[in-house]
Amino acid sequence: MSEATTINPVLTVVRVFAAPPEKLFDAWFTREQWQAWIGPEGCRCDVPVLEPRQGGRYRVQMHLNDGREIPVEGVFQEVDRPKTLTFTWGWALSGNSDTLVRLVFRAVPGGTKLTLTHEGLPTEEDRIGHGKGWNSTLN
């Protein structure tokens with residue numbers, strides 16, 4: 001008898017931004033700022049729900065170029081300004097379980113190193129797709 005173990009793919013994206021950790025952290029917690037940059041390039045997003053606190057909810061409505069709309073929602077799990085932000089991430093209409101996004105903000109000379117880790121992705125294809133999305137978003 002053999003035993004199989006499934007390990008969900010984990011995505012890690014590392015970027016350096018020319019801004020202090022506090023300013024970068026707050027860009028995730030201010031509706032106007034989040035709406036201005038969240039979502040892949042070419043996608044417009046609204047943030048109709050934003051409760052910027054531990055246990056608070058958020059909802060992002062992605063408006064794709066082809067006319068489709070994709071709602072994403074989750075709950076802020078850990079809020080440690082300006083060091084760490086962790087939240088669930090789920091396609092509101094998919095019925096799939098939420099995944100977990102963890103952001104770590106570290107001051108470096110000239111700015112902030114942001115490490116984004118997205119865990120619980122069901123397949124390697126999901127990891128690749130979310131990698132494209134997060135990299136495009138952070139551009």
# chains A, B, ... in the order shown; residues from 1 in each chain; ligands from 1
>>> residues_around(residues="A:Glu69", least_positions_apart="2", cutoff="12 Å", atoms="only C-alpha atoms", output="list in words")
Gly39, Cys43, Arg44, Cys45, Asp46, Val60, Gln61, Met62, His63, Leu64, Asn65, Asp66, Gly67, Pro71, Val72, Trp91, Ala92 and Leu93 of chain A
>>> write_last_selection(atoms="C-alpha atoms", output="PDB file, in the first residue's frame")
ATOM      1  CA  GLY A  39      -5.628  44.014  -9.793  1.00  0.00           C
ATOM      2  CA  CYS A  43      -8.075  45.484 -14.943  1.00  0.00           C
ATOM      3  CA  ARG A  44     -10.075  48.126 -13.067  1.00  0.00           C
ATOM      4  CA  CYS A  45     -11.055  47.327  -9.501  1.00  0.00           C
ATOM      5  CA  ASP A  46     -13.501  48.707  -6.973  1.00  0.00           C
ATOM      6  CA  VAL A  60     -12.500  43.638  -4.406  1.00  0.00           C
ATOM      7  CA  GLN A  61     -14.637  43.754  -7.552  1.00  0.00           C
ATOM      8  CA  MET A  62     -12.387  43.138 -10.574  1.00  0.00           C
ATOM      9  CA  HIS A  63     -13.683  44.533 -13.885  1.00  0.00           C
ATOM     10  CA  LEU A  64     -11.878  42.707 -16.702  1.00  0.00           C
ATOM     11  CA  ASN A  65     -11.367  44.102 -20.205  1.00  0.00           C
ATOM     12  CA  ASP A  66     -13.635  41.403 -21.694  1.00  0.00           C
ATOM     13  CA  GLY A  67     -16.587  42.614 -19.596  1.00  0.00           C
ATOM     14  CA  PRO A  71     -15.395  39.413  -6.962  1.00  0.00           C
ATOM     15  CA  VAL A  72     -12.615  38.569  -4.496  1.00  0.00           C
ATOM     16  CA  TRP A  91     -13.007  34.038  -5.457  1.00  0.00           C
ATOM     17  CA  ALA A  92     -16.410  34.926  -4.021  1.00  0.00           C
ATOM     18  CA  LEU A  93     -18.388  32.915  -6.599  1.00  0.00           C
TER      19      LEU A  93
END
>>> closest_atom_pairs(of="stretch 35-120 of chain A", to="stretch 7-31 of chain A", cutoff="10 Å", atoms="only C-alpha atoms", output="Markdown table")
| residue | atom | partner | partner_atom | distance |
| --- | --- | --- | --- | --- |
| A:Gln35 | CA | A:Arg31 | CA | 6.0 |
| A:Ala36 | CA | A:Arg31 | CA | 8.5 |
| A:Trp37 | CA | A:Ala27 | CA | 8.9 |
| A:Ile38 | CA | A:Trp28 | CA | 8.8 |
| A:Asp46 | CA | A:Arg31 | CA | 8.7 |
| A:Val47 | CA | A:Arg31 | CA | 6.4 |
| A:Pro48 | CA | A:Arg31 | CA | 8.4 |
| A:Val49 | CA | A:Arg31 | CA | 8.5 |
| A:Leu50 | CA | A:Arg31 | CA | 6.7 |
| A:Glu51 | CA | A:Phe29 | CA | 8.2 |
| A:Pro52 | CA | A:Phe29 | CA | 5.5 |
| A:Arg53 | CA | A:Phe29 | CA | 8.5 |
| A:Tyr58 | CA | A:Phe29 | CA | 9.7 |
| A:Val79 | CA | A:Phe25 | CA | 9.8 |
| A:Asp80 | CA | A:Phe25 | CA | 9.5 |
| A:Arg81 | CA | A:Phe25 | CA | 6.8 |
| A:Pro82 | CA | A:Glu22 | CA | 5.1 |
| A:Lys83 | CA | A:Pro21 | CA | 7.3 |
| A:Thr84 | CA | A:Phe25 | CA | 8.3 |
| A:Leu85 | CA | A:Phe25 | CA | 7.9 |
| A:Leu100 | CA | A:Val10 | CA | 9.8 |
| A:Val101 | CA | A:Leu11 | CA | 9.3 |
| A:Arg102 | CA | A:Thr12 | CA | 9.5 |
| A:Leu103 | CA | A:Phe25 | CA | 8.9 |
| A:Val104 | CA | A:Phe25 | CA | 9.2 |
| A:Phe105 | CA | A:Pro21 | CA | 5.8 |
| A:Arg106 | CA | A:Pro21 | CA | 6.6 |
| A:Ala107 | CA | A:Pro21 | CA | 6.0 |
| A:Val108 | CA | A:Val16 | CA | 8.3 |
| A:Pro109 | CA | A:Ala18 | CA | 9.1 |
| A:Gly110 | CA | A:Ala18 | CA | 5.8 |
| A:Gly111 | CA | A:Ala18 | CA | 4.3 |
| A:Thr112 | CA | A:Phe17 | CA | 5.3 |
| A:Lys113 | CA | A:Val16 | CA | 4.3 |
| A:Leu114 | CA | A:Arg15 | CA | 5.3 |
| A:Thr115 | CA | A:Val14 | CA | 4.5 |
| A:Leu116 | CA | A:Val13 | CA | 5.1 |
| A:Thr117 | CA | A:Thr12 | CA | 4.5 |
| A:His118 | CA | A:Leu11 | CA | 5.0 |
| A:Glu119 | CA | A:Val10 | CA | 4.8 |
| A:Gly120 | CA | A:Asn8 | CA | 5.5 |
>>> select_by_dssp(residues="chain A", states="strand (DSSP E)", output="PyMOL selection string")
chain A and resi 11-17+44-50+57-63+69-80+84-91+99-108+111-119
>>> closest_residue(among="A:Asn139, A:Gly133, A:Ile70, A:Gly90", to="A:Leu121", atoms="only C-alpha atoms")
A:Gly90
>>> select_by_dssp(residues="stretch 7-102 of chain A", states="alpha helix (DSSP H)", output="ChimeraX atom specification")
/A:21-26,31-37
>>> write_last_selection(atoms="C-alpha atoms", output="mmCIF file, in the first residue's frame")
data_model
loop_
_atom_site.group_PDB
_atom_site.id
_atom_site.type_symbol
_atom_site.label_atom_id
_atom_site.label_comp_id
_atom_site.auth_asym_id
_atom_site.auth_seq_id
_atom_site.Cartn_x
_atom_site.Cartn_y
_atom_site.Cartn_z
ATOM 1 C CA PRO A 21 7.198 50.444 5.200
ATOM 2 C CA GLU A 22 4.425 52.544 6.785
ATOM 3 C CA LYS A 23 3.422 54.113 3.464
ATOM 4 C CA LEU A 24 3.526 50.777 1.647
ATOM 5 C CA PHE A 25 1.535 49.046 4.396
ATOM 6 C CA ASP A 26 -1.102 51.801 4.387
ATOM 7 C CA ARG A 31 -9.706 52.323 -0.073
ATOM 8 C CA GLU A 32 -8.679 54.998 -2.590
ATOM 9 C CA GLN A 33 -5.088 53.775 -2.706
ATOM 10 C CA TRP A 34 -6.035 50.095 -2.930
ATOM 11 C CA GLN A 35 -8.491 50.762 -5.755
ATOM 12 C CA ALA A 36 -5.800 52.703 -7.639
ATOM 13 C CA TRP A 37 -3.380 49.768 -7.924
#
>>> atom_distance(atom1="atom CA of A:Glu124", atom2="atom CA of A:Leu138")
20.8 Å
>>> residues_around(residues="A:Phe76", least_positions_apart="3", cutoff="6 Å", atoms="only C-alpha atoms", output="list in words")
Gln54, Gly55, Gly56 and Phe87 of chain A
>>> write_last_selection(atoms="all heavy atoms", output="PDB file, in the first residue's frame")
ATOM      1  N   GLN A  54      -7.782  43.801  12.166  1.00  0.00           N
ATOM      2  CA  GLN A  54      -7.764  42.347  12.331  1.00  0.00           C
ATOM      3  C   GLN A  54      -9.200  41.861  12.495  1.00  0.00           C
ATOM      4  O   GLN A  54      -9.971  42.417  13.262  1.00  0.00           O
ATOM      5  CB  GLN A  54      -6.940  41.962  13.552  1.00  0.00           C
ATOM      6  CG  GLN A  54      -6.728  40.469  13.650  1.00  0.00           C
ATOM      7  CD  GLN A  54      -5.650  40.121  14.661  1.00  0.00           C
ATOM      8  OE1 GLN A  54      -4.804  40.932  14.989  1.00  0.00           O
ATOM      9  NE2 GLN A  54      -5.692  38.900  15.138  1.00  0.00           N
ATOM     10  N   GLY A  55      -9.572  40.846  11.715  1.00  0.00           N
ATOM     11  CA  GLY A  55     -10.942  40.339  11.719  1.00  0.00           C
ATOM     12  C   GLY A  55     -11.859  41.075  10.763  1.00  0.00           C
ATOM     13  O   GLY A  55     -12.988  40.647  10.536  1.00  0.00           O
ATOM     14  N   GLY A  56     -11.381  42.181  10.186  1.00  0.00           N
ATOM     15  CA  GLY A  56     -12.193  42.953   9.250  1.00  0.00           C
ATOM     16  C   GLY A  56     -12.247  42.274   7.878  1.00  0.00           C
ATOM     17  O   GLY A  56     -11.369  41.518   7.500  1.00  0.00           O
ATOM     18  N   PHE A  87      -4.063  37.902   5.146  1.00  0.00           N
ATOM     19  CA  PHE A  87      -5.503  37.878   4.883  1.00  0.00           C
ATOM     20  C   PHE A  87      -5.867  36.688   4.019  1.00  0.00           C
ATOM     21  O   PHE A  87      -5.043  36.169   3.266  1.00  0.00           O
ATOM     22  CB  PHE A  87      -5.969  39.195   4.231  1.00  0.00           C
ATOM     23  CG  PHE A  87      -5.194  39.596   3.000  1.00  0.00           C
ATOM     24  CD1 PHE A  87      -5.599  39.208   1.732  1.00  0.00           C
ATOM     25  CD2 PHE A  87      -4.058  40.399   3.123  1.00  0.00           C
ATOM     26  CE1 PHE A  87      -4.887  39.605   0.602  1.00  0.00           C
ATOM     27  CE2 PHE A  87      -3.348  40.806   2.003  1.00  0.00           C
ATOM     28  CZ  PHE A  87      -3.766  40.400   0.744  1.00  0.00           C
TER      29      PHE A  87
END
